[in-house]
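Enquirer: Coordinates in my_file.csv, CSV, C-alpha atoms, are listed below.
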```csv
chain,number,residue,atom,x,y,z
A,185,PRO,CA,12.9,146.2,-160.2
A,186,ALA,CA,14.9,149.3,-159.2
A,187,PRO,CA,13.6,152.6,-157.7
A,188,GLY,CA,14.5,155.9,-159.2
A,189,ASN,CA,17.5,157.8,-157.7
A,190,ASP,CA,16.5,161.4,-156.9
A,191,GLY,CA,20.0,162.4,-155.9
A,192,PRO,CA,23.6,161.6,-156.9
A,193,ILE,CA,24.0,159.0,-154.2
A,194,SER,CA,21.4,156.6,-152.8
A,195,ALA,CA,21.2,155.7,-149.1
A,196,ALA,CA,19.7,152.3,-148.6
A,197,ALA,CA,17.4,152.5,-145.6
A,198,ARG,CA,14.1,150.7,-145.1
A,199,GLU,CA,11.4,151.1,-142.5
A,200,GLU,CA,8.5,148.9,-141.5
A,201,GLY,CA,6.9,148.5,-144.9
A,202,PRO,CA,5.7,150.8,-147.7
A,203,ALA,CA,3.2,152.7,-145.6
A,204,ALA,CA,5.9,153.6,-143.0
A,205,MET,CA,8.3,154.6,-145.8
A,206,GLU,CA,5.6,156.8,-147.4
A,207,ALA,CA,4.8,158.5,-144.1
A,208,GLY,CA,8.5,159.0,-143.4
A,209,GLY,CA,9.0,160.5,-146.8
A,210,ALA,CA,6.1,162.9,-146.2
A,211,ALA,CA,7.6,163.9,-142.8
A,212,LEU,CA,11.0,164.4,-144.4
A,213,ALA,CA,9.6,166.6,-147.1
A,214,HIS,CA,8.5,169.1,-144.4
A,215,THR,CA,11.9,169.2,-142.7
A,216,VAL,CA,14.2,169.4,-145.6
A,217,ARG,CA,14.7,173.0,-146.8
A,218,GLY,CA,16.8,175.0,-149.2
A,219,GLY,CA,19.7,177.4,-148.4
A,220,PRO,CA,23.2,176.7,-147.2
A,221,VAL,CA,23.9,174.1,-144.5
A,222,THR,CA,24.4,176.3,-141.5
A,223,ASP,CA,26.3,176.0,-138.2
A,224,ALA,CA,23.1,175.2,-136.5
A,225,ASP,CA,22.4,172.4,-139.0
A,226,TRP,CA,25.9,170.8,-138.4
A,227,ALA,CA,25.3,171.0,-134.6
A,228,ARG,CA,21.9,169.3,-135.0
A,229,PHE,CA,23.4,166.5,-137.1
A,230,ALA,CA,26.3,165.9,-134.7
A,231,LEU,CA,24.7,162.5,-133.6
A,232,THR,CA,24.4,161.1,-137.1
A,233,PRO,CA,26.8,158.3,-138.2
A,234,SER,CA,28.4,160.6,-140.9
A,235,LEU,CA,29.4,163.2,-138.4
A,236,ARG,CA,30.6,161.0,-135.5
A,237,GLY,CA,34.3,161.7,-135.3
A,238,SER,CA,34.2,164.1,-138.2
A,239,LEU,CA,35.0,167.4,-136.4
A,240,ASP,CA,35.8,169.1,-139.7
A,241,ALA,CA,32.7,168.0,-141.7
A,242,ALA,CA,31.5,171.6,-142.2
A,243,ARG,CA,35.0,172.6,-143.6
A,244,LEU,CA,35.1,169.6,-145.9
A,245,HIS,CA,31.7,170.4,-147.3
A,246,SER,CA,32.5,174.0,-147.8
A,247,THR,CA,35.8,173.2,-149.5
A,248,MET,CA,34.0,170.7,-151.8
A,249,MET,CA,31.4,173.2,-152.9
A,250,ALA,CA,33.7,176.3,-153.2
A,251,SER,CA,34.5,175.8,-156.9
A,252,GLU,CA,31.0,174.7,-158.0
A,253,LEU,CA,28.4,176.9,-159.7
A,254,GLU,CA,25.8,178.5,-157.4
A,255,ALA,CA,23.0,176.2,-158.7
A,256,THR,CA,25.1,173.2,-158.0
A,257,ARG,CA,25.9,174.4,-154.5
A,258,ALA,CA,22.2,175.0,-153.8
A,259,HIS,CA,21.3,171.5,-155.1
A,260,MET,CA,24.0,169.7,-153.1
A,261,ASP,CA,23.1,171.6,-149.9
A,262,VAL,CA,19.5,170.2,-150.2
A,263,VAL,CA,20.8,166.7,-151.0
A,264,ILE,CA,23.3,166.7,-148.1
A,265,ARG,CA,20.7,168.0,-145.7
A,266,GLU,CA,18.2,165.4,-146.8
A,267,MET,CA,20.7,162.6,-146.3
A,268,LEU,CA,21.7,163.8,-142.9
A,269,GLU,CA,18.0,164.2,-141.9
A,270,CYS,CA,17.5,160.6,-142.8
A,271,GLU,CA,20.5,159.6,-140.7
A,272,LEU,CA,19.2,161.6,-137.8
A,273,ARG,CA,15.8,160.1,-138.0
A,274,LEU,CA,16.9,156.5,-138.5
A,275,HIS,CA,20.3,156.1,-136.8
A,276,GLU,CA,19.0,154.5,-133.6
A,277,THR,CA,17.3,151.6,-135.4
A,278,HIS,CA,19.0,151.5,-138.9
A,279,THR,CA,22.5,151.5,-140.5
A,280,VAL,CA,22.8,153.7,-143.6
A,281,PHE,CA,25.2,152.6,-146.3
A,282,TYR,CA,26.5,154.9,-149.1
A,283,HIS,CA,28.0,153.6,-152.3
A,284,SER,CA,29.2,155.5,-155.4
A,285,TYR,CA,28.4,152.8,-158.0
A,286,SER,CA,24.8,153.0,-159.2
A,287,ILE,CA,25.1,149.4,-160.4
A,288,SER,CA,24.9,148.3,-156.7
A,289,SER,CA,21.3,149.6,-156.5
A,290,PHE,CA,20.3,147.5,-159.6
A,291,ILE,CA,22.0,144.4,-158.1
A,292,TYR,CA,20.2,144.4,-154.8
A,293,GLU,CA,16.9,145.8,-155.9
A,294,LEU,CA,16.5,143.2,-158.6
A,295,GLN,CA,17.5,140.3,-156.3
A,296,THR,CA,15.2,141.6,-153.6
A,297,ALA,CA,12.3,141.6,-156.1
A,298,LEU,CA,13.1,138.1,-157.2
A,299,ALA,CA,13.4,136.8,-153.6
A,300,THR,CA,10.0,138.4,-152.8
A,301,LEU,CA,8.3,136.8,-155.8
A,302,LEU,CA,10.0,133.3,-155.7
A,303,LEU,CA,11.1,132.7,-152.1
A,304,ASP,CA,8.3,134.4,-150.1
A,305,TYR,CA,10.9,137.0,-148.8
A,306,PRO,CA,9.1,139.7,-146.8
A,307,ALA,CA,8.5,142.8,-148.9
A,308,ALA,CA,9.5,145.1,-146.1
A,309,GLY,CA,12.8,143.2,-145.4
A,310,PRO,CA,16.3,144.6,-146.0
A,311,PRO,CA,17.8,144.4,-149.5
A,312,VAL,CA,19.0,141.0,-150.7
A,313,MET,CA,22.6,141.4,-151.8
A,314,ARG,CA,23.1,138.0,-153.5
A,315,LEU,CA,20.9,135.0,-154.5
A,316,ILE,CA,23.3,132.7,-156.3
A,317,ARG,CA,24.9,130.5,-153.6
A,318,SER,CA,27.6,129.0,-155.9
A,319,ASN,CA,29.3,132.4,-155.9
A,320,PHE,CA,30.3,131.9,-152.3
A,321,GLU,CA,32.2,128.7,-152.8
A,322,GLY,CA,35.8,129.5,-151.7
A,323,CYS,CA,34.7,132.9,-150.5
A,324,ASP,CA,32.3,132.0,-147.7
A,325,SER,CA,33.7,134.0,-144.8
A,326,LEU,CA,34.7,137.6,-144.0
A,327,ALA,CA,38.4,136.5,-143.7
A,328,ALA,CA,38.2,135.0,-147.3
A,329,LEU,CA,36.6,138.1,-148.6
A,330,CYS,CA,39.2,140.4,-147.0
A,331,GLU,CA,42.0,138.2,-148.4
A,332,GLU,CA,40.4,138.5,-151.9
A,333,ARG,CA,40.3,142.3,-151.5
A,334,GLU,CA,43.9,142.5,-150.3
A,335,SER,CA,45.3,140.2,-153.0
A,336,HIS,CA,44.0,142.6,-155.7
A,337,SER,CA,44.5,145.8,-153.8
A,338,THR,CA,41.0,146.8,-155.1
A,339,ASP,CA,37.4,145.8,-155.0
A,340,HIS,CA,37.3,145.4,-158.8
A,341,SER,CA,38.0,141.7,-159.0
A,342,GLU,CA,35.2,139.6,-160.4
A,343,ARG,CA,35.3,137.2,-157.4
A,344,PHE,CA,34.9,140.0,-154.9
A,345,ARG,CA,32.1,141.6,-156.8
A,346,ASN,CA,30.2,138.3,-157.1
A,347,VAL,CA,29.7,138.3,-153.3
A,348,ALA,CA,30.1,141.9,-152.1
A,349,VAL,CA,29.1,145.5,-152.6
A,350,SER,CA,31.6,148.1,-151.4
A,351,ALA,CA,30.0,150.8,-149.2
A,352,VAL,CA,30.8,153.2,-146.4
A,353,VAL,CA,28.7,154.2,-143.4
A,354,SER,CA,29.7,157.8,-143.4
A,355,TRP,CA,29.4,160.5,-146.1
A,356,PHE,CA,32.7,161.9,-144.9
A,357,ALA,CA,34.6,158.6,-144.7
A,358,THR,CA,37.9,158.1,-146.6
A,359,GLY,CA,38.1,154.3,-146.3
A,360,ASP,CA,41.3,153.1,-148.0
A,361,TYR,CA,41.5,156.3,-150.0
A,362,SER,CA,43.4,159.4,-149.3
A,363,ARG,CA,40.3,161.6,-149.9
A,364,ASN,CA,36.7,161.7,-149.0
A,365,PHE,CA,35.6,159.4,-151.9
A,366,MET,CA,31.8,160.0,-151.7
A,367,MET,CA,32.2,163.8,-151.6
A,368,THR,CA,34.8,163.8,-154.4
A,369,HIS,CA,32.4,162.2,-156.8
A,370,ALA,CA,29.1,163.5,-155.5
A,371,VAL,CA,28.5,166.1,-158.2
A,372,ARG,CA,29.7,164.3,-161.3
A,373,GLY,CA,29.4,160.7,-160.2
A,374,TRP,CA,31.7,157.8,-160.7
A,375,SER,CA,31.6,155.2,-163.4
A,376,GLY,CA,33.8,152.5,-164.9
A,377,SER,CA,34.1,150.7,-168.2
A,378,LYS,CA,32.4,147.3,-168.8
A,379,ALA,CA,35.9,145.7,-168.7
A,380,ASP,CA,36.4,147.2,-165.2
A,381,MET,CA,32.9,147.0,-163.8
A,382,GLY,CA,31.5,144.0,-165.6
A,383,ASP,CA,28.6,143.7,-167.9
A,384,LEU,CA,25.2,143.8,-166.3
A,385,THR,CA,23.8,141.8,-169.2
A,386,SER,CA,25.7,138.7,-168.3
A,387,PHE,CA,25.0,139.2,-164.6
A,388,VAL,CA,21.2,139.4,-165.1
A,389,GLU,CA,21.3,136.5,-167.5
A,390,ARG,CA,23.1,134.3,-165.0
A,391,LEU,CA,20.5,135.3,-162.4
A,392,LEU,CA,17.6,134.4,-164.6
A,393,ILE,CA,19.2,131.1,-165.4
A,394,ALA,CA,19.6,130.4,-161.7
A,395,CYS,CA,15.9,131.2,-161.3
A,396,GLY,CA,15.1,128.4,-163.7
A,397,LEU,CA,14.2,130.4,-166.8
A,398,PRO,CA,15.0,128.3,-169.9
A,399,PRO,CA,16.6,129.8,-173.1
A,400,GLY,CA,14.2,131.4,-175.5
A,401,PRO,CA,12.3,134.5,-176.4
A,402,ALA,CA,10.6,134.9,-173.0
A,403,ARG,CA,13.9,135.1,-171.2
A,404,ASP,CA,15.5,137.4,-173.8
A,405,THR,CA,12.5,139.7,-173.5
A,406,LEU,CA,12.6,139.8,-169.7
A,407,LEU,CA,16.3,140.4,-169.8
A,408,ALA,CA,15.9,143.4,-172.2
A,409,GLN,CA,13.1,144.8,-170.0
A,410,LEU,CA,15.1,144.6,-166.8
A,411,LEU,CA,18.1,146.3,-168.4
A,412,ALA,CA,15.9,149.0,-169.8
A,413,ALA,CA,14.3,149.6,-166.4
A,414,GLY,CA,17.7,150.0,-164.9
A,415,GLU,CA,18.9,152.3,-167.6
A,416,LYS,CA,15.7,154.5,-167.4
A,417,ARG,CA,16.6,155.1,-163.7
A,418,GLY,CA,20.2,155.8,-164.3
A,419,LEU,CA,21.5,152.4,-163.1
```
Using structure tokens, write down the structure that the file contains.
Expert:
Amino acid sequence: PAPGNDGPISAAAREEGPAAMEAGGAALAHTVRGGPVTDADWARFALTPSLRGSLDAARLHSTMMASELEATRAHMDVVIREMLECELRLHETHTVFYHSYSISSFIYELQTALATLLLDYPAAGPPVMRLIRSNFEGCDSLAALCEERESHSTDHSERFRNVAVSAVVSWFATGDYSRNFMMTHAVRGWSGSKADMGDLTSFVERLLIACGLPPGPARDTLLAQLLAAGEKRGL
């Protein structure tokens, strides 16, 4: 249900079907190279969403990497260049979202797979963020969602997480934080406790119940297999 993450952050971007994605990946493999991100690279990426309005992107990147080991710097240069290559290639037709919680990938990939199997959702369509309609009762508009977010001064409330996934559209964005959040946690990641982030077991179980699976060994087995698939891919 969930693809592997080859880097610390996944950028959700889909093209016109698996064949196009495979071709795009092959083309990308020929353009992404090693070595530090140069001034020429930054100039070439100037039109990407992440660099629009970010005149100090090169300095921010250099500062972030200054205290890291050489191997880490080399790896992150490849990752950053690959993400910005994707943005440059897709920015005219796609919007790229970055999020720091790997749990988000599990949520929308699993629900997209279910929608494809059960609701005849197009396999090449964008990710399906939520399937359970009842979660939107009382939070069925952008205004209501923003009010929920403001009332808790965080996106950690269960009601907010039931209908939304926090993301930014620029690698260098600060959002409501005083720092570049994605960059800050790029190397070592960001995680929360089950009390804070919620338990994926209960989320997946509610989803399977909504899909009509009755209690019993079959549902328990499927639940365990889904969670194992997510854990195997770092989700």
Enquirer: Write out as a VMD selection string each polymer residue whose atoms come within 9 Å of A:Leu410, counting all atoms listed in the file; drop sequence neighbours fewer than 3 positions from it.
Expert: chain A and resid 185 to 186 294 388 405 to 407 413 to 415
Enquirer: Excluding stretch 217-233 of chain A and its own-chain neighbours fewer than 6 positions away, which residues fall within 8 Å of it when counting all atoms listed in the file? Please give them as an MDAnalysis selection string.
Expert: chainID A and resid 242 258 261:262 265 268:269 271:272 275 353:354
Enquirer: Atoms to include: C-alpha atoms. Write the selected residues as a JSON list (two decimals), keeping the file's coordinate frame.
Expert:
```
[["chain", "number", "residue", "atom", "x", "y", "z"],
["A", 242, "ALA", "CA", 31.50, 171.60, -142.20],
["A", 258, "ALA", "CA", 22.20, 175.00, -153.80],
["A", 261, "ASP", "CA", 23.10, 171.60, -149.90],
["A", 262, "VAL", "CA", 19.50, 170.20, -150.20],
["A", 265, "ARG", "CA", 20.70, 168.00, -145.70],
["A", 268, "LEU", "CA", 21.70, 163.80, -142.90],
["A", 269, "GLU", "CA", 18.00, 164.20, -141.90],
["A", 271, "GLU", "CA", 20.50, 159.60, -140.70],
["A", 272, "LEU", "CA", 19.20, 161.60, -137.80],
["A", 275, "HIS", "CA", 20.30, 156.10, -136.80],
["A", 353, "VAL", "CA", 28.70, 154.20, -143.40],
["A", 354, "SER", "CA", 29.70, 157.80, -143.40]]
```
Enquirer: Kindly give the distance, in Å, that separates atom CA of A:Arg333 and atom CA of A:Tyr292, rounded to a single decimal.
Expert: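 Taking atom CA of A:Arg333 and atom CA of A:Tyr292, their separation equals 20.5 Å.
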Enquirer: Could you name the residues that touch A:Leu302 at 12 Å or less, counting only C-alpha atoms, but leaving out those on the same chain fewer than 5 positions away, as an MDAnalysis selection string?
Expert: chainID A and resid 295:297 307 315 392 394:396
Enquirer: Would you output that residue set with C-alpha atoms, as a CSV table (one decimal), in the frame of the given file?
Expert:
```
chain,number,residue,atom,x,y,z
A,295,GLN,CA,17.5,140.3,-156.3
A,296,THR,CA,15.2,141.6,-153.6
A,297,ALA,CA,12.3,141.6,-156.1
A,307,ALA,CA,8.5,142.8,-148.9
A,315,LEU,CA,20.9,135.0,-154.5
A,392,LEU,CA,17.6,134.4,-164.6
A,394,ALA,CA,19.6,130.4,-161.7
A,395,CYS,CA,15.9,131.2,-161.3
A,396,GLY,CA,15.1,128.4,-163.7
```
Enquirer: Could you check the closest approach to A:Trp355 for each of A:His283, A:His259, A:Arg343, A:Arg243 and tell me which residue wins, using only C-alpha atoms?
Expert: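 That would be A:His283, the residue with the smallest distance to A:Trp355.
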Enquirer: Could you work out how far atom CA of A:Ile316 lies from atom CA of A:Leu391, giving the answer in Å with one decimal?
Expert: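 Between atom CA of A:Leu391 and atom CA of A:Ile316 the gap is 7.2 Å.
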Enquirer: In Å, with one decimal, what is the gap from atom CA of A:Ile287 to atom CA of A:Asp339?
Expert: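 Going from atom CA of A:Ile287 over to atom CA of A:Asp339 covers 13.9 Å.
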Enquirer: Between A:Lys416, A:Phe290, A:Met260, A:Ser234, which is the closest to A:Ser246 once you count only C-alpha atoms?
Expert: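 The closest residue to A:Ser246 is A:Met260.
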